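Shown below: work_16.txt, with compact mmCIF, C-alpha atoms and all ligand atoms.
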```
# COMPACT_ATOMS: atom_id res chain seq x y z
CA MET A 1 -11.17 4.45 -20.49
CA SER A 2 -8.71 7.10 -19.31
CA GLY A 3 -5.71 5.40 -20.86
CA TYR A 4 -3.88 4.49 -17.65
CA LYS A 5 -2.44 0.99 -17.53
CA LEU A 6 -1.22 -0.73 -14.35
CA TYR A 7 1.00 -3.80 -14.68
CA TYR A 8 1.39 -6.38 -11.91
CA PHE A 9 0.89 -10.06 -11.15
CA ASN A 10 -2.56 -11.47 -10.35
CA ALA A 11 -2.11 -10.55 -6.71
CA ARG A 12 -2.73 -7.66 -4.34
CA GLY A 13 0.94 -7.52 -3.33
CA ARG A 14 2.76 -4.28 -3.95
CA ALA A 15 0.26 -3.10 -6.56
CA GLU A 16 -2.72 -2.94 -4.25
CA ILE A 17 -1.96 0.54 -2.92
CA CYS A 18 -2.00 1.76 -6.54
CA ARG A 19 -5.36 0.07 -7.16
CA LEU A 20 -6.78 1.57 -3.95
CA ALA A 21 -5.52 4.99 -5.08
CA PHE A 22 -7.07 4.61 -8.55
CA ALA A 23 -10.35 3.56 -6.89
CA ALA A 24 -10.38 6.44 -4.39
CA ALA A 25 -9.46 8.88 -7.17
CA LYS A 26 -12.23 7.52 -9.41
CA ILE A 27 -9.68 7.20 -12.23
CA GLU A 28 -10.32 4.35 -14.64
CA TYR A 29 -7.37 2.19 -15.61
CA GLU A 30 -6.55 -1.12 -17.18
CA ASP A 31 -5.65 -3.57 -14.41
CA ILE A 32 -3.20 -5.75 -16.32
CA ARG A 33 -2.35 -8.96 -14.42
CA LEU A 34 0.55 -10.84 -15.96
CA ASN A 35 1.52 -14.46 -15.46
CA ARG A 36 5.21 -15.37 -15.06
CA GLU A 37 5.80 -15.99 -18.79
CA GLU A 38 4.13 -12.73 -19.82
CA TRP A 39 6.12 -10.88 -17.17
CA ALA A 40 9.40 -12.35 -18.42
CA LYS A 41 8.67 -10.91 -21.87
CA VAL A 42 7.64 -7.49 -20.56
CA LYS A 43 10.72 -7.36 -18.34
CA GLU A 44 12.95 -8.29 -21.25
CA SER A 45 11.40 -5.49 -23.33
CA GLY A 46 13.01 -2.98 -20.96
CA LYS A 47 9.69 -1.19 -20.44
CA PRO A 48 9.58 -1.27 -16.60
CA PRO A 49 12.07 1.41 -15.50
CA PHE A 50 13.68 -0.72 -12.77
CA GLY A 51 12.79 -4.13 -14.17
CA MET A 52 10.06 -4.59 -11.59
CA MET A 53 6.32 -4.33 -11.15
CA PRO A 54 4.11 -2.56 -10.39
CA PHE A 55 4.56 0.07 -13.06
CA ILE A 56 2.09 2.25 -14.93
CA GLU A 57 1.76 3.77 -18.37
CA THR A 58 0.07 7.18 -18.29
CA PRO A 59 -2.20 8.55 -21.02
CA GLY A 60 0.69 10.86 -21.94
CA GLY A 61 3.01 7.91 -22.49
CA HIS A 62 5.06 8.20 -19.28
CA ILE A 63 6.17 4.99 -17.64
CA ILE A 64 6.37 5.19 -13.85
CA GLY A 65 7.55 2.40 -11.59
CA GLY A 66 7.55 1.99 -7.81
CA SER A 67 4.36 1.35 -5.88
CA PHE A 68 4.78 4.36 -3.58
CA ALA A 69 5.64 6.79 -6.37
CA ILE A 70 2.62 5.62 -8.39
CA THR A 71 0.26 5.85 -5.40
CA LYS A 72 1.45 9.34 -4.51
CA TYR A 73 1.10 10.45 -8.14
CA ILE A 74 -2.47 9.14 -8.47
CA CYS A 75 -3.47 10.55 -5.09
CA LYS A 76 -2.01 13.95 -5.98
CA LYS A 77 -4.19 14.07 -9.09
CA ALA A 78 -7.28 13.48 -6.95
CA GLY A 79 -6.33 15.85 -4.12
CA PHE A 80 -5.58 13.07 -1.61
CA PHE A 81 -2.45 14.96 -0.83
CA PRO A 82 -1.34 17.14 2.08
CA VAL A 83 -1.51 20.74 0.93
CA ASN A 84 -1.13 22.70 4.17
CA SER A 85 2.67 22.67 4.27
CA ASP A 86 5.83 21.03 3.01
CA GLU A 87 6.13 19.56 6.51
CA ASP A 88 2.79 17.78 6.12
CA GLU A 89 4.01 16.23 2.88
CA ALA A 90 7.23 15.18 4.62
CA ILE A 91 5.21 13.58 7.44
CA ALA A 92 3.14 11.67 4.86
CA ASP A 93 6.38 10.49 3.22
CA MET A 94 7.79 9.56 6.63
CA ILE A 95 4.77 7.30 7.23
CA VAL A 96 5.25 5.74 3.79
CA ASP A 97 8.96 5.15 4.53
CA ALA A 98 8.06 3.45 7.80
CA VAL A 99 5.47 1.26 6.04
CA GLU A 100 8.24 0.20 3.65
CA GLY A 101 10.45 -0.68 6.63
CA VAL A 102 7.75 -2.94 8.07
CA THR A 103 7.00 -4.41 4.64
CA SER A 104 10.68 -5.25 4.05
CA ALA A 105 10.87 -7.05 7.41
CA MET A 106 7.69 -8.95 6.54
CA VAL A 107 8.94 -9.93 3.08
CA LYS A 108 12.20 -11.11 4.64
CA TRP A 109 10.55 -13.68 6.90
CA PHE A 110 7.95 -14.64 4.31
CA PHE A 111 10.52 -15.61 1.67
CA GLU A 112 13.11 -17.12 4.05
CA GLU A 113 13.76 -20.71 2.96
CA ASN A 114 15.59 -22.02 6.03
CA PRO A 115 12.74 -23.21 8.34
CA ALA A 116 14.52 -22.41 11.63
CA LYS A 117 15.56 -18.94 10.43
CA LYS A 118 12.05 -18.35 9.06
CA GLU A 119 10.49 -19.17 12.44
CA GLU A 120 12.90 -16.85 14.23
CA LEU A 121 12.29 -13.97 11.80
CA CYS A 122 8.53 -14.53 11.97
CA LYS A 123 8.57 -14.46 15.79
CA THR A 124 10.65 -11.27 15.89
CA PHE A 125 8.37 -9.68 13.32
CA PHE A 126 5.07 -10.37 15.10
CA GLU A 127 6.36 -10.01 18.68
CA THR A 128 8.62 -6.99 18.27
CA THR A 129 8.86 -5.26 14.87
CA LEU A 130 5.14 -5.00 14.19
CA PRO A 131 3.85 -3.95 17.66
CA THR A 132 6.72 -1.47 18.14
CA ASN A 133 5.95 0.16 14.83
CA MET A 134 2.18 0.12 15.38
CA GLU A 135 2.71 2.01 18.62
CA ARG A 136 4.74 4.59 16.71
CA PHE A 137 2.15 4.91 13.93
CA GLN A 138 -0.51 5.42 16.61
CA ASN A 139 1.56 8.13 18.30
CA ILE A 140 1.86 9.98 14.99
CA LEU A 141 -1.87 9.62 14.32
CA LYS A 142 -2.68 11.01 17.78
CA LYS A 143 -0.70 14.18 17.13
CA ARG A 144 -3.67 15.48 15.08
CA ASN A 145 -7.19 15.71 16.43
CA GLU A 146 -6.30 13.22 19.21
CA GLY A 147 -6.18 10.50 16.57
CA ASN A 148 -9.80 10.90 15.57
CA ASN A 149 -9.07 11.66 11.97
CA PHE A 150 -6.66 10.83 9.16
CA PHE A 151 -2.88 11.10 9.64
CA LEU A 152 -2.70 14.66 8.32
CA GLY A 153 -6.06 15.89 9.60
CA ASP A 154 -9.51 15.67 8.12
CA LYS A 155 -8.40 14.80 4.61
CA LEU A 156 -7.52 11.35 3.30
CA THR A 157 -4.00 11.24 1.80
CA TYR A 158 -1.75 8.64 0.22
CA ALA A 159 -0.23 8.01 3.68
CA ASP A 160 -3.62 6.78 4.96
CA ILE A 161 -4.16 4.51 1.96
CA ILE A 162 -0.66 3.04 2.19
CA PHE A 163 -0.87 2.46 5.94
CA PHE A 164 -4.39 1.03 5.66
CA ASN A 165 -3.20 -1.46 3.05
CA LEU A 166 -0.36 -2.63 5.30
CA CYS A 167 -2.93 -3.43 8.01
CA ASN A 168 -5.29 -5.04 5.49
CA VAL A 169 -2.50 -7.48 4.55
CA PHE A 170 -2.86 -8.94 8.07
CA ALA A 171 -6.60 -9.38 7.40
CA GLN A 172 -5.67 -11.33 4.23
CA GLY A 173 -7.33 -8.61 2.19
CA GLU A 174 -10.72 -9.14 3.85
CA PRO A 175 -12.73 -6.09 4.93
CA LYS A 176 -12.26 -6.85 8.63
CA VAL A 177 -10.03 -5.41 11.34
CA PRO A 178 -6.88 -7.53 11.71
CA GLU A 179 -6.18 -8.84 15.19
CA GLN A 180 -2.68 -7.30 15.08
CA LEU A 181 -4.41 -3.93 15.68
CA LYS A 182 -6.31 -5.05 18.78
CA ASN A 183 -4.11 -3.13 21.24
CA PHE A 184 -4.24 0.07 19.18
CA SER A 185 -7.75 1.49 19.36
CA SER A 186 -6.93 4.68 17.42
CA LEU A 187 -5.46 2.59 14.61
CA VAL A 188 -8.60 0.41 14.57
CA ASP A 189 -10.69 3.57 14.16
CA HIS A 190 -8.35 4.81 11.44
CA TYR A 191 -8.60 1.46 9.64
CA ASN A 192 -12.40 1.64 9.74
CA ARG A 193 -12.31 5.28 8.65
CA VAL A 194 -10.34 4.42 5.49
CA LEU A 195 -12.43 1.28 4.90
CA SER A 196 -15.56 3.46 5.04
CA VAL A 197 -14.47 5.68 2.16
CA PRO A 198 -17.15 4.56 -0.34
CA ASP A 199 -14.86 4.12 -3.39
CA ILE A 200 -12.28 2.22 -1.33
CA ASN A 201 -14.95 0.01 0.19
CA ALA A 202 -16.50 -0.69 -3.21
CA TRP A 203 -13.11 -1.73 -4.65
CA ILE A 204 -12.36 -4.04 -1.71
CA GLU A 205 -15.76 -5.70 -2.10
CA LYS A 206 -15.40 -6.25 -5.83
CA ARG A 207 -11.65 -6.85 -6.31
CA PRO A 208 -10.46 -10.25 -7.51
CA LYS A 209 -9.94 -12.69 -4.63
CA THR A 210 -6.29 -13.68 -4.63
CA GLU A 211 -4.07 -15.42 -2.10
CA ARG A 212 -1.82 -12.40 -1.56
N1 LIG A 301 10.15 -0.96 -4.32
C1 LIG A 301 9.39 -1.59 -5.37
C2 LIG A 301 9.56 -3.09 -5.26
C3 LIG A 301 8.92 -3.79 -6.45
C4 LIG A 301 9.09 -5.30 -6.38
O1 LIG A 301 9.77 -5.85 -5.50
N2 LIG A 301 8.44 -5.97 -7.34
C5 LIG A 301 8.48 -7.40 -7.42
C6 LIG A 301 7.09 -8.00 -7.18
S1 LIG A 301 6.46 -7.58 -5.60
C7 LIG A 301 8.86 -7.82 -8.84
O2 LIG A 301 8.64 -7.09 -9.78
N3 LIG A 301 9.37 -9.04 -8.96
C8 LIG A 301 9.64 -9.65 -10.25
C9 LIG A 301 11.04 -9.46 -10.72
O3 LIG A 301 11.85 -8.80 -10.06
O4 LIG A 301 11.33 -9.99 -11.80
C10 LIG A 301 7.92 -1.16 -5.27
O5 LIG A 301 7.47 -0.89 -4.15
O6 LIG A 301 7.24 -1.09 -6.31
```
Kindly transcribe the structure held in the file into structure tokens.
Ligand SMILES: N[C@@H](CCC(=O)N[C@@H](CS)C(=O)NCC(=O)O)C(=O)O
Amino acid sequence: MSGYKLYYFNARGRAEICRLAFAAAKIEYEDIRLNREEWAKVKESGKPPFGMMPFIETPGGHIIGGSFAITKYICKKAGFFPVNSDEDEAIADMIVDAVEGVTSAMVKWFFEENPAKKEELCKTFFETTLPTNMERFQNILKKRNEGNNFFLGDKLTYADIIFFNLCNVFAQGEPKVPEQLKNFSSLVDHYNRVLSVPDINAWIEKRPKTER
């Protein structure tokens, strides 16, 4: 055991990109899945830096919160990180930022309690927000190697893992291509490319089956 600990609920949710990163990086960690009561106690302890999960404890005793920061950190340790230029790193971060934009819109409709508002937000999300953004992600992908590779070239980075996970949410976590990608053939290929990374594939096959 390496001494890393990841704290989250028993769900894929916002922690799954961290778990995918740990898997791809072949770094062992304790996958701590708290129920609501346990979380309330941990939150009260003041341990999570921003009072939210996921967060990790490193072997050196650092506590790091924020799913994107954790994923980038783990990927950097394993070399799944753009090294050619500062611009490549900024492009990877730009993709991550855009994934967060789509995720926020998704979370907004998902947790909306007013049924009429929820339906409206859901419609806008699937008919406009998602396809518009997918088109943009595909354009970025195609800027390198005509889209026949990862976002930053021939090397997997945290941007690929984070984008892949967004798409996998629409496949309910199953190892299949979500229908929301059907009009974006380069993104389908990218999805399959990430899914074919042996350590990522092995984790997806063996991970606990949860609703979200
Ligand atoms: N930007 C943060 C958001 C984290 C977040 O929203 N965490 C939620 C679960 S998905 C949470 O901890 N909720 C429980 C609470 O706030 O008490 C990230 O990406 O890690």
Can you work out which residues are within 6 Å of ligand LIG 301 (chain A), considering all atoms listed in the file, and then hand them over as number ranges by chain? A: 13-14, 52-54, 66-68
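The space separating CA of Phe110 (chain A) from CA of Ala90 (chain A) comes to 29.8 Å.
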Considering only C-alpha atoms, return as a PyMOL selection string whatever protein or nucleic-acid residues lie within 12 Å of Phe184 (chain A), sequence-local ones (same chain, fewer than 5 positions apart) excluded. chain A and resi 130-139+141-142+147+167+177-179+189-191
Of A:Leu6, A:Val42, A:Ala11, A:Leu121, the one sitting nearest Ile70 (chain A) when using only C-alpha atoms is A:Leu6
Show which residues sit within 12 Å of region 153-157 of chain A, as a ChimeraX atom specification. Count only C-alpha atoms, and ignore same-chain residues fewer than 3 positions away. /A:17,20-21,24-25,71-84,88-89,91-93,95-96,140-150,160-164,190-191,193-197,200
I need the residue nearest Glu211 (chain A) from this list: A:Trp109, A:Phe9, A:Trp39, A:Phe125. Use only C-alpha atoms for the distance.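 With only C-alpha atoms as the atom set, the closest residue is A:Phe9.
CA of Pro48 (chain A) sits 12.7 Å away from CA of Gly61 (chain A).
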Taking (2.7, 5.2, -16.4) in the coordinates of the supplied file, I want to know which residues reach to within 9 Å of it, counting all atoms listed in the file; could you give the answer as a PyMOL selection string? chain A and resi 4-6+55-65+70
Distance criterion (only C-alpha atoms): nearest to Ser85 (chain A) out of A:Ala171, A:Asn165, A:Leu181, A:Leu152: A:Leu152
Here is a test: counting all atoms listed in the file, which residue of A:Ala116, A:Gly173, A:Glu87, A:Asn183 is nearest to Asn201 (chain A)?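 Checking each candidate against Asn201 (chain A), we get A:Gly173 as the closest.
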Would you mind listing what lies within 12 Å of Ala105 (chain A) as JSON, numbers by chain, with all atoms listed in the file counted and same-chain residues fewer than 2 positions away left out? {"A": [98, 99, 100, 101, 102, 103, 107, 108, 109, 110, 111, 112, 118, 121, 122, 123, 124, 125, 126, 128, 129, 130, 133]}
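Proximity to Arg212 (chain A) was assessed for A:Asn114, A:Ser45, A:Gln172, A:Ser104 counting all atoms listed in the file; the smallest distance is recorded for A:Gln172.
Pairwise distance (CA of Glu205 (chain A), CA of Glu174 (chain A)) equals 8.5 Å.
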Selected residue of minimal separation from Phe170 (chain A) among A:Ala15, A:Met106, A:Phe151, A:Ala23, counting all atoms listed in the file: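 Of A:Ala15, A:Met106, A:Phe151, A:Ala23, the one nearest Phe170 (chain A), counting all atoms listed in the file, is A:Met106.
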